[in-house]
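S.K.: my_file.txt (compact mmCIF, C-alpha atoms and all ligand atoms) pasted underneath:
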```txt
# COMPACT_ATOMS: atom_id res chain seq x y z
CA MET A 220 19.67 -8.94 -9.16
CA SER A 221 19.64 -5.47 -7.72
CA ALA A 222 16.24 -3.84 -8.27
CA VAL A 223 13.16 -5.54 -6.92
CA ILE A 224 9.58 -4.28 -6.77
CA VAL A 225 7.06 -5.58 -4.23
CA VAL A 226 3.39 -4.95 -5.00
CA GLY A 227 0.09 -5.91 -3.45
CA THR A 228 -2.02 -8.14 -5.68
CA GLN A 229 -5.38 -7.55 -3.97
CA TRP A 230 -7.02 -4.50 -2.33
CA GLY A 231 -4.10 -3.60 -0.08
CA ASP A 232 -3.37 -4.97 3.39
CA GLU A 233 -1.89 -8.15 1.91
CA GLY A 234 0.79 -8.21 4.58
CA LYS A 235 3.30 -6.31 2.43
CA GLY A 236 4.78 -4.73 5.56
CA LYS A 237 6.12 -8.05 6.78
CA ILE A 238 7.47 -9.05 3.33
CA ILE A 239 9.05 -5.66 2.78
CA ASP A 240 10.59 -5.80 6.24
CA PHE A 241 11.93 -9.27 5.50
CA LEU A 242 13.44 -8.15 2.18
CA SER A 243 14.71 -4.90 3.68
CA GLU A 244 17.19 -6.90 5.70
CA GLN A 245 18.92 -7.82 2.44
CA ALA A 246 18.38 -4.45 0.74
CA ASN A 247 20.78 -1.52 0.69
CA MET A 248 17.99 0.90 -0.14
CA VAL A 249 14.20 0.87 0.25
CA VAL A 250 12.05 3.24 -1.79
CA ARG A 251 8.42 4.34 -1.31
CA HIS A 252 7.15 5.65 -4.63
CA GLN A 253 3.38 6.26 -4.46
CA GLY A 254 0.49 6.87 -2.11
CA GLY A 255 0.77 8.75 1.15
CA ASN A 256 -0.15 8.19 4.75
CA ASN A 257 -3.30 6.39 3.62
CA ALA A 258 -1.02 3.34 3.79
CA GLY A 259 0.10 1.84 7.02
CA HIS A 260 1.92 -1.19 8.14
CA THR A 261 2.83 -2.82 11.36
CA VAL A 262 6.23 -4.43 11.62
CA VAL A 263 7.21 -6.71 14.45
CA SER A 264 10.90 -6.52 15.26
CA GLY A 265 12.13 -8.45 18.28
CA ASP A 266 9.65 -7.78 21.06
CA ARG A 267 8.68 -4.42 19.58
CA GLU A 268 5.92 -3.47 17.21
CA TYR A 269 6.30 -0.45 14.91
CA LYS A 270 3.49 1.26 13.06
CA LEU A 271 4.58 3.34 10.09
CA HIS A 272 2.58 5.13 7.41
CA LEU A 273 5.10 7.02 5.33
CA ILE A 274 8.69 6.16 6.16
CA PRO A 275 9.82 2.80 4.74
CA SER A 276 10.17 0.22 7.47
CA GLY A 277 13.71 -0.37 6.14
CA ILE A 278 14.58 2.46 8.52
CA LEU A 279 14.53 -0.14 11.32
CA TYR A 280 17.75 -1.61 9.86
CA PRO A 281 20.76 0.52 10.78
CA ASP A 282 22.49 0.28 7.38
CA THR A 283 19.54 0.57 4.99
CA ASP A 284 18.99 3.83 3.10
CA CYS A 285 15.35 4.85 2.82
CA VAL A 286 13.79 7.07 0.20
CA ILE A 287 10.39 8.73 -0.14
CA ALA A 288 10.34 9.42 -3.87
CA SER A 289 8.57 11.97 -6.06
CA GLY A 290 5.41 9.93 -6.62
CA VAL A 291 4.46 10.01 -2.93
CA VAL A 292 2.19 12.72 -1.53
CA VAL A 293 3.61 13.84 1.80
CA ASP A 294 1.78 15.27 4.77
CA PRO A 295 4.76 16.99 6.41
CA ARG A 296 3.24 16.88 9.88
CA VAL A 297 2.84 13.11 9.61
CA LEU A 298 6.38 12.70 8.27
CA LEU A 299 7.88 14.75 11.10
CA ASP A 300 5.76 12.92 13.69
CA GLU A 301 7.07 9.62 12.33
CA VAL A 302 10.63 10.90 12.54
CA ASP A 303 10.00 11.80 16.22
CA TYR A 304 8.30 8.43 16.85
CA LEU A 305 11.41 6.65 15.53
CA HIS A 306 13.83 8.87 17.45
CA GLN A 307 11.92 8.20 20.67
CA ARG A 308 12.49 4.50 20.07
CA GLY A 309 16.20 4.99 19.47
CA ILE A 310 16.01 4.61 15.67
CA GLN A 311 18.16 7.06 13.68
CA THR A 312 16.74 8.71 10.55
CA ASP A 313 19.86 10.21 8.97
CA ARG A 314 19.58 7.62 6.15
CA LEU A 315 16.19 8.96 5.07
CA ARG A 316 15.82 11.05 1.91
CA VAL A 317 12.64 12.73 0.69
CA SER A 318 12.14 13.95 -2.85
CA SER A 319 12.04 17.71 -3.38
CA GLU A 320 9.55 16.92 -6.18
CA ALA A 321 7.06 15.07 -3.98
CA HIS A 322 3.77 16.91 -3.62
CA LEU A 323 2.56 18.09 -0.25
CA ILE A 324 -0.71 17.23 1.40
CA MET A 325 -2.02 20.60 2.54
CA PRO A 326 -4.63 21.24 5.26
CA TYR A 327 -7.30 22.00 2.67
CA HIS A 328 -6.78 18.57 1.07
CA LEU A 329 -8.04 16.91 4.24
CA VAL A 330 -11.09 19.16 4.28
CA PHE A 331 -11.86 18.49 0.59
CA ASP A 332 -11.46 14.72 1.14
CA SER A 333 -14.18 14.80 3.82
CA LEU A 334 -16.41 17.19 1.90
CA ALA A 335 -16.30 14.97 -1.21
CA GLU A 336 -17.14 11.86 0.83
CA ASP A 337 -19.98 13.65 2.64
CA ARG A 338 -21.46 14.82 -0.63
CA LEU A 339 -21.32 11.31 -2.10
CA GLY A 340 -23.33 9.98 0.85
CA SER A 341 -24.21 6.33 0.27
CA GLN A 342 -22.07 6.37 -2.91
CA LYS A 343 -18.95 7.34 -0.95
CA LEU A 344 -15.60 5.72 -1.77
CA GLY A 345 -14.67 5.07 1.84
CA THR A 346 -11.38 6.95 1.57
CA THR A 347 -8.96 7.11 4.46
CA LEU A 348 -9.70 10.87 4.74
CA ARG A 349 -5.99 11.68 4.76
CA GLY A 350 -6.24 14.15 1.86
CA VAL A 351 -4.49 11.81 -0.56
CA GLY A 352 -7.01 12.00 -3.42
CA PRO A 353 -7.30 15.82 -3.36
CA ALA A 354 -3.48 16.14 -3.25
CA TYR A 355 -3.16 13.98 -6.40
CA MET A 356 -5.99 15.97 -8.00
CA ASP A 357 -4.04 19.17 -7.46
CA LYS A 358 -0.89 17.54 -8.79
CA ALA A 359 -2.69 16.54 -12.00
CA SER A 360 -4.38 19.92 -12.38
CA ARG A 361 -1.05 21.72 -11.86
CA MET A 362 -2.24 23.27 -8.59
CA GLY A 363 0.08 21.35 -6.29
CA VAL A 364 2.75 22.54 -3.87
CA ARG A 365 5.96 20.52 -3.79
CA ILE A 366 8.35 19.89 -0.94
CA GLY A 367 11.17 21.74 -2.69
CA ASP A 368 9.00 24.88 -2.81
CA LEU A 369 9.24 25.11 0.97
CA LEU A 370 12.99 25.75 0.75
CA GLN A 371 12.44 28.85 -1.40
CA PRO A 372 10.21 31.18 0.67
CA GLU A 373 9.46 33.59 -2.18
CA VAL A 374 8.56 30.77 -4.59
CA PHE A 375 6.40 29.20 -1.90
CA ARG A 376 4.71 32.52 -1.02
CA ASP A 377 3.81 33.12 -4.63
CA ARG A 378 2.57 29.57 -5.21
CA LEU A 379 0.57 29.31 -2.00
CA SER A 380 -1.06 32.69 -2.44
CA ARG A 381 -2.38 31.71 -5.87
CA VAL A 382 -3.47 28.22 -4.84
CA LEU A 383 -4.98 29.21 -1.50
CA ALA A 384 -7.02 32.01 -3.07
CA GLU A 385 -8.64 29.39 -5.30
CA LYS A 386 -9.18 26.91 -2.46
CA ASN A 387 -10.61 29.53 -0.11
CA HIS A 388 -12.96 30.71 -2.83
CA LEU A 389 -14.25 27.16 -3.27
CA LEU A 390 -14.50 26.53 0.45
CA SER A 391 -16.45 29.68 1.25
CA LYS A 392 -18.53 30.06 -1.92
CA ALA A 393 -19.30 26.45 -2.81
CA TYR A 394 -19.31 24.82 0.62
CA GLY A 395 -20.00 27.72 3.01
CA ARG A 396 -16.92 26.79 5.03
CA ASP A 397 -14.36 28.97 6.84
CA GLU A 398 -11.40 30.06 4.78
CA PHE A 399 -7.82 29.17 5.72
CA ASP A 400 -5.54 31.94 6.94
CA PHE A 401 -2.68 32.48 4.50
CA ASP A 402 -0.10 33.74 7.01
CA ALA A 403 -0.67 30.90 9.45
CA MET A 404 -0.36 28.26 6.73
CA PHE A 405 2.66 29.95 5.13
CA THR A 406 4.53 30.17 8.43
CA GLN A 407 3.65 26.65 9.46
CA TYR A 408 4.71 25.06 6.19
CA LEU A 409 7.95 27.07 6.05
CA ALA A 410 8.72 25.65 9.48
CA TYR A 411 7.95 22.15 8.20
CA GLY A 412 10.31 22.81 5.29
CA GLU A 413 13.07 23.85 7.68
CA ALA A 414 12.53 20.70 9.78
CA MET A 415 12.54 18.45 6.69
CA LYS A 416 15.55 20.19 5.09
CA PRO A 417 18.18 17.61 6.11
CA TYR A 418 16.16 14.92 4.34
CA ILE A 419 15.23 16.73 1.11
CA ALA A 420 17.10 15.57 -2.01
CA ASN A 421 16.94 14.77 -5.73
CA THR A 422 15.90 11.18 -5.15
CA SER A 423 15.76 9.95 -8.76
CA VAL A 424 19.52 10.59 -8.99
CA ILE A 425 20.18 8.83 -5.69
CA ILE A 426 18.10 5.77 -6.60
CA ASN A 427 19.58 5.38 -10.09
CA GLN A 428 23.11 5.76 -8.74
CA ALA A 429 22.40 3.01 -6.23
CA ILE A 430 21.09 0.65 -8.92
CA ASP A 431 23.98 1.44 -11.25
CA ALA A 432 26.42 0.70 -8.46
CA GLY A 433 24.86 -2.76 -8.10
CA ARG A 434 23.32 -2.00 -4.71
CA ARG A 435 20.18 -3.91 -3.81
CA VAL A 436 17.23 -1.57 -4.14
CA LEU A 437 13.75 -2.53 -2.99
CA PHE A 438 10.70 -0.61 -4.22
CA GLU A 439 7.86 -0.99 -1.76
CA GLY A 440 4.40 -0.51 -3.17
CA ALA A 441 1.59 0.76 -0.97
CA GLN A 442 -2.06 -0.32 -1.36
CA GLY A 443 -2.72 -3.02 -3.96
CA THR A 444 -3.36 -3.69 -7.64
CA MET A 445 -7.15 -3.55 -7.29
CA LEU A 446 -6.83 -0.03 -5.88
CA ASP A 447 -4.80 1.16 -8.90
CA ILE A 448 -6.42 4.17 -10.52
CA ASP A 449 -6.20 2.60 -14.00
CA HIS A 450 -6.22 -1.14 -13.34
CA GLY A 451 -8.31 -1.41 -10.18
CA THR A 452 -12.01 -1.28 -9.42
CA TYR A 453 -12.45 2.34 -10.50
CA PRO A 454 -13.87 4.55 -8.97
CA PHE A 455 -13.37 2.54 -5.76
CA VAL A 456 -9.63 2.97 -5.96
CA THR A 457 -6.89 5.19 -4.62
CA SER A 458 -5.51 8.05 -6.70
CA SER A 459 -2.08 6.63 -7.50
CA HIS A 460 -0.51 3.62 -9.22
CA PRO A 461 0.18 0.77 -6.79
CA ILE A 462 1.17 -1.49 -9.71
CA ALA A 463 4.77 -2.21 -10.69
CA GLY A 464 4.82 0.43 -13.42
CA GLY A 465 4.01 2.98 -10.74
CA ALA A 466 7.37 2.29 -9.13
CA CYS A 467 9.19 3.42 -12.26
CA ILE A 468 7.11 6.57 -12.58
CA GLY A 469 7.10 7.47 -8.91
CA ALA A 470 10.79 6.82 -8.34
CA GLY A 471 12.10 8.17 -11.65
CA VAL A 472 13.63 4.85 -12.71
CA GLY A 473 13.39 3.24 -16.14
CA PRO A 474 11.65 -0.15 -16.51
CA THR A 475 14.83 -1.66 -17.95
CA LYS A 476 16.43 -1.33 -14.51
CA ILE A 477 13.99 -3.65 -12.75
CA ASP A 478 14.97 -7.28 -12.18
CA GLN A 479 12.09 -8.86 -10.23
CA VAL A 480 8.48 -8.06 -9.38
CA TYR A 481 7.07 -9.93 -6.39
CA GLY A 482 3.33 -9.98 -5.84
CA VAL A 483 2.19 -10.22 -2.25
CA VAL A 484 -0.93 -12.33 -1.99
CA LYS A 485 -2.76 -12.88 1.25
CA ALA A 486 -4.01 -16.46 1.60
CA TYR A 487 -7.54 -15.02 1.70
CA THR A 488 -8.85 -11.59 0.65
CA SER A 489 -9.66 -8.43 2.57
CA ARG A 490 -10.84 -5.01 1.56
CA VAL A 491 -11.47 -1.76 3.41
CA GLY A 492 -13.67 0.85 1.86
CA ASP A 493 -16.54 0.34 -0.52
CA GLY A 494 -16.81 -1.25 -3.94
CA PRO A 495 -17.36 -4.71 -5.46
CA PHE A 496 -15.75 -7.74 -3.84
CA PRO A 497 -16.99 -10.96 -5.52
CA SER A 498 -15.56 -13.50 -3.05
CA GLU A 499 -16.69 -11.58 0.05
CA LEU A 500 -17.78 -13.70 3.02
CA LEU A 501 -20.66 -12.19 4.96
CA ASP A 502 -21.00 -15.12 7.37
CA SER A 503 -19.38 -16.52 10.49
CA VAL A 504 -16.47 -17.95 8.46
CA GLY A 505 -15.58 -14.40 7.37
CA ASP A 506 -16.00 -13.14 10.95
CA GLY A 507 -13.73 -15.92 12.19
CA ILE A 508 -10.98 -15.04 9.70
CA ARG A 509 -11.30 -11.33 10.60
CA GLU A 510 -10.76 -12.09 14.29
CA GLU A 511 -8.02 -14.66 13.74
CA GLY A 512 -6.20 -12.30 11.37
CA HIS A 513 -6.89 -9.10 13.40
CA GLU A 514 -8.22 -7.59 10.20
CA TYR A 515 -8.77 -4.01 11.30
CA GLY A 516 -7.22 -1.09 9.39
CA THR A 517 -3.79 0.14 10.58
CA THR A 518 -4.64 3.65 9.43
CA THR A 519 -8.34 3.96 10.22
CA GLY A 520 -9.10 1.07 12.60
CA ARG A 521 -12.04 0.04 10.36
CA PRO A 522 -13.00 -3.66 10.32
CA ARG A 523 -11.89 -5.07 6.96
CA ARG A 524 -14.28 -6.94 4.69
CA ILE A 525 -13.15 -10.56 4.34
CA GLY A 526 -13.43 -13.09 1.53
CA TRP A 527 -11.92 -16.21 0.02
CA LEU A 528 -8.83 -15.99 -2.15
CA ASP A 529 -9.81 -14.90 -5.64
CA THR A 530 -7.46 -16.14 -8.35
CA VAL A 531 -9.28 -14.23 -11.08
CA VAL A 532 -8.06 -11.12 -9.28
CA LEU A 533 -4.64 -12.72 -8.83
CA ARG A 534 -4.26 -13.49 -12.53
CA HIS A 535 -5.22 -9.92 -13.35
CA ALA A 536 -2.54 -8.74 -10.90
CA SER A 537 -0.02 -11.09 -12.43
CA ARG A 538 -0.68 -9.65 -15.87
CA VAL A 539 -0.71 -5.92 -15.09
CA ASN A 540 2.35 -6.17 -12.85
CA GLY A 541 4.37 -8.72 -14.81
CA LEU A 542 4.89 -10.73 -11.63
CA THR A 543 7.96 -12.94 -11.43
CA GLY A 544 7.22 -14.49 -8.02
CA LEU A 545 4.47 -14.80 -5.42
CA ALA A 546 4.86 -14.02 -1.73
CA VAL A 547 1.94 -15.72 0.01
CA THR A 548 1.17 -14.22 3.42
CA ARG A 549 -0.92 -15.04 6.47
CA LEU A 550 -1.31 -18.70 5.60
CA ASP A 551 -1.37 -19.45 9.34
CA VAL A 552 -4.59 -17.41 9.73
CA LEU A 553 -6.39 -20.28 7.97
CA ASP A 554 -4.95 -22.95 10.30
CA ARG A 555 -8.25 -23.81 11.97
CA LEU A 556 -10.47 -24.20 8.92
CA ASP A 557 -11.56 -27.70 7.92
CA THR A 558 -12.21 -26.66 4.32
CA LEU A 559 -11.33 -23.59 2.30
CA LYS A 560 -12.48 -22.21 -0.99
CA VAL A 561 -10.65 -20.54 -3.85
CA ALA A 562 -12.44 -18.55 -6.54
CA VAL A 563 -11.15 -19.83 -9.88
CA ALA A 564 -13.58 -18.14 -12.30
CA TYR A 565 -16.76 -16.03 -12.36
CA ARG A 566 -20.20 -16.85 -13.61
CA TYR A 567 -21.70 -13.91 -15.46
CA GLY A 568 -25.06 -14.29 -17.20
CA GLY A 569 -24.81 -17.77 -18.70
CA ASP A 570 -21.02 -17.60 -19.15
CA VAL A 571 -18.04 -18.65 -17.10
CA VAL A 572 -15.21 -16.11 -17.37
CA THR A 573 -11.65 -16.40 -16.13
CA GLU A 574 -10.50 -12.82 -16.80
CA LEU A 575 -11.47 -9.93 -14.56
CA PRO A 576 -14.37 -8.01 -16.16
CA ASP A 577 -13.32 -4.54 -17.32
CA SER A 578 -16.56 -2.99 -16.10
CA LEU A 579 -17.44 -2.32 -12.50
CA GLU A 580 -21.09 -3.11 -13.17
CA ARG A 581 -20.23 -6.57 -14.50
CA LEU A 582 -17.81 -7.19 -11.64
CA SER A 583 -20.59 -6.24 -9.19
CA SER A 584 -22.91 -8.89 -10.60
CA VAL A 585 -20.59 -11.86 -11.11
CA GLU A 586 -20.86 -14.97 -8.99
CA PRO A 587 -17.58 -16.68 -8.12
CA VAL A 588 -16.95 -20.28 -9.16
CA TYR A 589 -15.20 -21.94 -6.23
CA GLU A 590 -12.93 -24.92 -5.80
CA THR A 591 -13.15 -26.41 -2.33
CA MET A 592 -9.92 -27.57 -0.72
CA GLN A 593 -9.05 -29.48 2.41
CA GLY A 594 -7.84 -27.46 5.43
CA TRP A 595 -4.84 -28.58 7.51
CA GLN A 596 -6.18 -27.85 11.00
CA ARG A 597 -2.86 -27.53 12.78
CA SER A 598 -0.55 -24.67 13.59
CA ILE A 599 2.08 -23.98 10.94
CA THR A 600 3.72 -20.95 12.53
CA GLU A 601 6.84 -22.88 13.51
CA VAL A 602 7.38 -24.36 10.04
CA ARG A 603 10.46 -23.03 8.18
CA ARG A 604 10.69 -25.35 5.16
CA LEU A 605 8.08 -25.92 2.50
CA GLU A 606 8.42 -29.69 2.81
CA ASP A 607 7.51 -29.49 6.51
CA LEU A 608 4.12 -27.92 5.84
CA PRO A 609 1.06 -30.20 6.11
CA SER A 610 0.28 -31.68 2.69
CA ALA A 611 -3.08 -29.85 2.54
CA ALA A 612 -1.30 -26.51 3.01
CA ARG A 613 1.19 -27.40 0.27
CA ARG A 614 -1.66 -28.35 -2.06
CA TYR A 615 -3.29 -25.00 -1.37
CA LEU A 616 -0.07 -23.13 -2.16
CA ASP A 617 0.63 -25.18 -5.28
CA ARG A 618 -2.87 -24.53 -6.54
CA ILE A 619 -2.49 -20.77 -6.01
CA ALA A 620 0.77 -20.72 -7.99
CA GLU A 621 -0.74 -22.91 -10.70
CA LEU A 622 -3.83 -20.72 -11.09
CA ALA A 623 -1.77 -17.51 -11.04
CA GLU A 624 0.81 -19.01 -13.41
CA VAL A 625 3.51 -17.45 -11.25
CA PRO A 626 6.02 -19.44 -9.14
CA LEU A 627 6.04 -19.22 -5.37
CA ALA A 628 8.95 -17.21 -4.01
CA LEU A 629 8.12 -16.92 -0.32
CA VAL A 630 5.49 -17.99 2.21
CA SER A 631 4.78 -16.20 5.46
CA VAL A 632 3.42 -18.29 8.33
CA GLY A 633 3.40 -15.78 11.18
CA ARG A 634 3.97 -12.18 12.19
CA GLU A 635 7.62 -12.54 13.22
CA ARG A 636 10.40 -11.89 10.72
CA THR A 637 11.57 -15.43 11.28
CA SER A 638 8.19 -17.01 10.49
CA THR A 639 9.03 -17.07 6.80
CA ILE A 640 9.73 -19.80 4.26
CA THR A 641 11.83 -18.72 1.27
CA LEU A 642 11.93 -20.78 -1.91
CA GLN A 643 14.52 -18.89 -3.92
CA PRO A 644 17.10 -16.12 -3.47
CA LEU A 645 14.98 -12.98 -3.48
CA PHE A 646 17.55 -10.40 -4.67
P1 LIG B 701 -7.72 7.05 -0.36
O1 LIG B 701 -6.45 6.42 -0.82
O2 LIG B 701 -7.66 7.53 1.06
O3 LIG B 701 -8.20 8.11 -1.31
O4 LIG B 701 -8.86 5.93 -0.37
C1 LIG B 701 -9.34 5.35 -1.58
C2 LIG B 701 -9.61 3.87 -1.41
O5 LIG B 701 -8.37 3.19 -1.20
C3 LIG B 701 -10.47 3.52 -0.20
O6 LIG B 701 -11.24 2.38 -0.53
C4 LIG B 701 -9.47 3.17 0.87
O7 LIG B 701 -10.00 2.33 1.85
C5 LIG B 701 -8.43 2.45 0.02
N1 LIG B 701 -7.08 2.47 0.61
C6 LIG B 701 -6.21 3.49 0.62
N2 LIG B 701 -5.06 3.13 1.22
C7 LIG B 701 -5.20 1.84 1.58
C8 LIG B 701 -4.33 0.89 2.19
O8 LIG B 701 -3.17 1.16 2.53
N3 LIG B 701 -4.85 -0.35 2.39
C9 LIG B 701 -6.10 -0.69 1.98
N4 LIG B 701 -6.93 0.16 1.39
C10 LIG B 701 -6.49 1.41 1.18
```
Once more with this new file: its structure as C-alpha cells, please.

M.R.:
Amino acid sequence: MSAVIVVGTQWGDEGKGKIIDFLSEQANMVVRHQGGNNAGHTVVSGDREYKLHLIPSGILYPDTDCVIASGVVVDPRVLLDEVDYLHQRGIQTDRLRVSSEAHLIMPYHLVFDSLAEDRLGSQKLGTTLRGVGPAYMDKASRMGVRIGDLLQPEVFRDRLSRVLAEKNHLLSKAYGRDEFDFDAMFTQYLAYGEAMKPYIANTSVIINQAIDAGRRVLFEGAQGTMLDIDHGTYPFVTSSHPIAGGACIGAGVGPTKIDQVYGVVKAYTSRVGDGPFPSELLDSVGDGIREEGHEYGTTTGRPRRIGWLDTVVLRHASRVNGLTGLAVTRLDVLDRLDTLKVAVAYRYGGDVVTELPDSLERLSSVEPVYETMQGWQRSITEVRRLEDLPSAARRYLDRIAELAEVPLALVSVGRERTSTITLQPLF
C-alpha cells in the first residue's frame, strides 16, 4: 500500500490532526489538497503543542516531504508566518513544496467573505472569514491569481490589474467601501512570491513520482464530508471537496493510484458554524462533552456545537468516500458518561429513514432515532490494545463499525501520539 487518503466523516474537527500526525510517522510524503487556512489542527509532539493551518503536520518529522497541492487556496502571509513559526521552533521547512497552480487568497477575498456574511445576517453561513469561499469563487469564475503568477512579474501585473479593477469597482460601487491600492498589493505579493520561491513546484509531478516509486504518500483532507460543497449540508458547507475524490482532483492524482481511504470519526459529533445538526445536544450533557473535549475552534476559537454520534451521517460518509477503514477518535472524552446514545436512523413525517435526506429542509426537520448504550466510566487513555478496553467501550466501537459497515482500523484514546490503538497495518 502506498497511497492513503484520510478524510473527516462529520463536520470537520474529527481529530484528523492527531490521526494524520500518527500516520505521518510512517509516510514518506504528506499532501494537503483542498481548503485553506480555514482548517486548523493542534498536534502534540513530546511536551510541545503545534498549531498549524496550512502546512501539513508531517513537517514535524525530519524525513517526511510535505506538499501543498493545487487544490488548496493559499494565503501567502499565513503560509510564510507558519514557516517562521516552525523555524522559530527549530523545525526545518526545506522539504515543503507548494503548487504553482494553487490559487492565492488575496486581501479582497477576506473583505468579501465578511461582506457576504454581514449581508446574510441571521442566514449567515458562519464562515471562518479567512477568504476561502471568495477565493474558490474567483477560481471557478476564472478570476483567480495563482502562486506561479507571482514568479512572472509582467504576467502578475497584467492579471492583477484586470482583476483588481473589477474588485475595486464592486467594493466602491456596490458596497461603498475603500478601494485597494494596486501598487501596494502588487509590490507586497511580488515580495511574497520571492519569499515562497524555494517552495514553489509542479506538485502533481512530484506526488505521482513518489507514488510510482512505491513511497508511502498520505493525503490529508481538511474539514469533513458534511462540509463538502456537493455532498454536505449545502449551503452550510465550505467551498471545496473534503471527500476522498477531492484528493485526486486537488493533488492531480488518478483514482486508480489510491489504495486506502480512512474515515476519521469522532466518538461524538461537533460542528462549528450554522446549519442543521440532527443529533445536537443543547443540554448539560452537551456542555459537559464540550468542556471535557475542549471543543473550541482552533482557527476561530468559537465554541463548537456538540451532539451524539450520528451513524446516518457516517453511512453517508462511508458511501461518498468509499471508506476502507474507520479511525475513531476522542473515545476517552466520553469516559465519564454512564450512558451514551447513537443515532441510527431518522424519523421524518411518519417514516423512519436510514439514508441521509438529500434536502436541507428535510434534514432540518428530522428527529433522530437513538440507541442507548452503556458507558464505561473509567479512564481509557492508558489502554493500547483493543482487548484491554472496558467491554462497554468495545461494544460501542463494534456497534459503530457495524452500523457504518466499515471495519475499524484505529482508535484514539488520548491526545498523545502514543495514545493510539491500531488494528491493522495502515499503509
Ligand atoms: P469557510 O470554509 O470559511 O468558507 O466556512 C464555511 C463553513 O465551513 C463554516 O460552517 C465553517 O465553520 C466550516 N469550516 C471551515 N473550515 C472548517 C474546519 O476546519 N473545521 C470545521 N468547520 C470548518

S.K.: Quick one: contact table of chain A to ligand LIG 701 (chain B), 7 Å max, nearest atom pair and distance in Å to one decimal per residue, counting all atoms listed in the file, chain and number order, as a tab-separated table?

M.R.:
```
residue	atom	partner	partner_atom	distance
A:Trp230	CA	B:LIG701	C9	5.8
A:Gly231	CA	B:LIG701	C9	4.1
A:Asp232	CA	B:LIG701	N3	5.0
A:Asn257	CA	B:LIG701	N2	4.4
A:Ala258	CA	B:LIG701	O8	3.3
A:Gly259	CA	B:LIG701	O8	5.6
A:Leu344	CA	B:LIG701	O6	5.6
A:Gly345	CA	B:LIG701	C3	4.9
A:Thr346	CA	B:LIG701	O4	3.3
A:Thr347	CA	B:LIG701	O2	3.7
A:Leu348	CA	B:LIG701	O2	5.4
A:Arg349	CA	B:LIG701	O2	5.8
A:Gly350	CA	B:LIG701	O2	6.8
A:Val351	CA	B:LIG701	O3	5.3
A:Gly352	CA	B:LIG701	O3	4.6
A:Ala441	CA	B:LIG701	O8	5.9
A:Gln442	CA	B:LIG701	O8	4.3
A:Leu446	CA	B:LIG701	O5	5.9
A:Phe455	CA	B:LIG701	O6	5.6
A:Val456	CA	B:LIG701	C2	4.6
A:Thr457	CA	B:LIG701	C1	3.9
A:Ser458	CA	B:LIG701	O3	6.0
A:Arg490	CA	B:LIG701	C9	6.4
A:Val491	CA	B:LIG701	O7	4.6
A:Gly492	CA	B:LIG701	O6	3.7
A:Asp493	CA	B:LIG701	O6	5.7
```

S.K.: Pick out the closest residue to Ile477 (chain A) from this set: A:Ile224, A:Ile310, A:Ser503, A:Met404. Count all atoms listed in the file.

M.R.: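 Selected residue with least distance to Ile477 (chain A): A:Ile224.
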
S.K.: By how many Å are CA of Gly367 (chain A) and CA of Ser276 (chain A) apart?

M.R.: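 One can read the CA of Gly367 (chain A) to CA of Ser276 (chain A) distance as 23.8 Å.
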
S.K.: One number please: CA of Val263 (chain A) to CA of Val632 (chain A), in Å, one decimal.

M.R.: 13.6 Å

S.K.: Tell me which of A:Arg597, A:Arg267, A:Arg549, A:Arg618 sits closest to Asp529 (chain A), counting only C-alpha atoms.

M.R.: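 The shortest atom-to-atom distance to Asp529 (chain A) comes from A:Arg618.
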
S.K.: Please report the interatomic distance between CA of Leu528 (chain A) and CA of Trp595 (chain A) in Å with one decimal.

M.R.: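 Between CA of Leu528 (chain A) and CA of Trp595 (chain A) the gap is 16.4 Å.
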
S.K.: In file coordinates, which residues lie within 10 Å of (-9.7, -3.2, -8.7) using all atoms listed in the file, given as a list in words?

M.R.: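 Those within range, by chain then number, are Thr228, Gln229, Trp230, Gly443, Thr444, Met445, Leu446, Asp447, Ile448, Asp449, His450, Gly451, Thr452, Tyr453, Pro454, Phe455, Val456, Thr457, Gly494, Pro495, Phe496, Val532, His535, Ala536, Leu575, Asp577, Leu579 and Leu582 of chain A.
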
S.K.: If the box runs along x, y and z of the file and leaves 3 Å on each side of region 417-430 of chain A, what are its centre and edge lengths in Å, one decimal, as JSON?

M.R.:
```
{"center_x": 19.2, "center_y": 9.1, "center_z": -2.0, "size_x": 13.9, "size_y": 23.0, "size_z": 22.2}
```
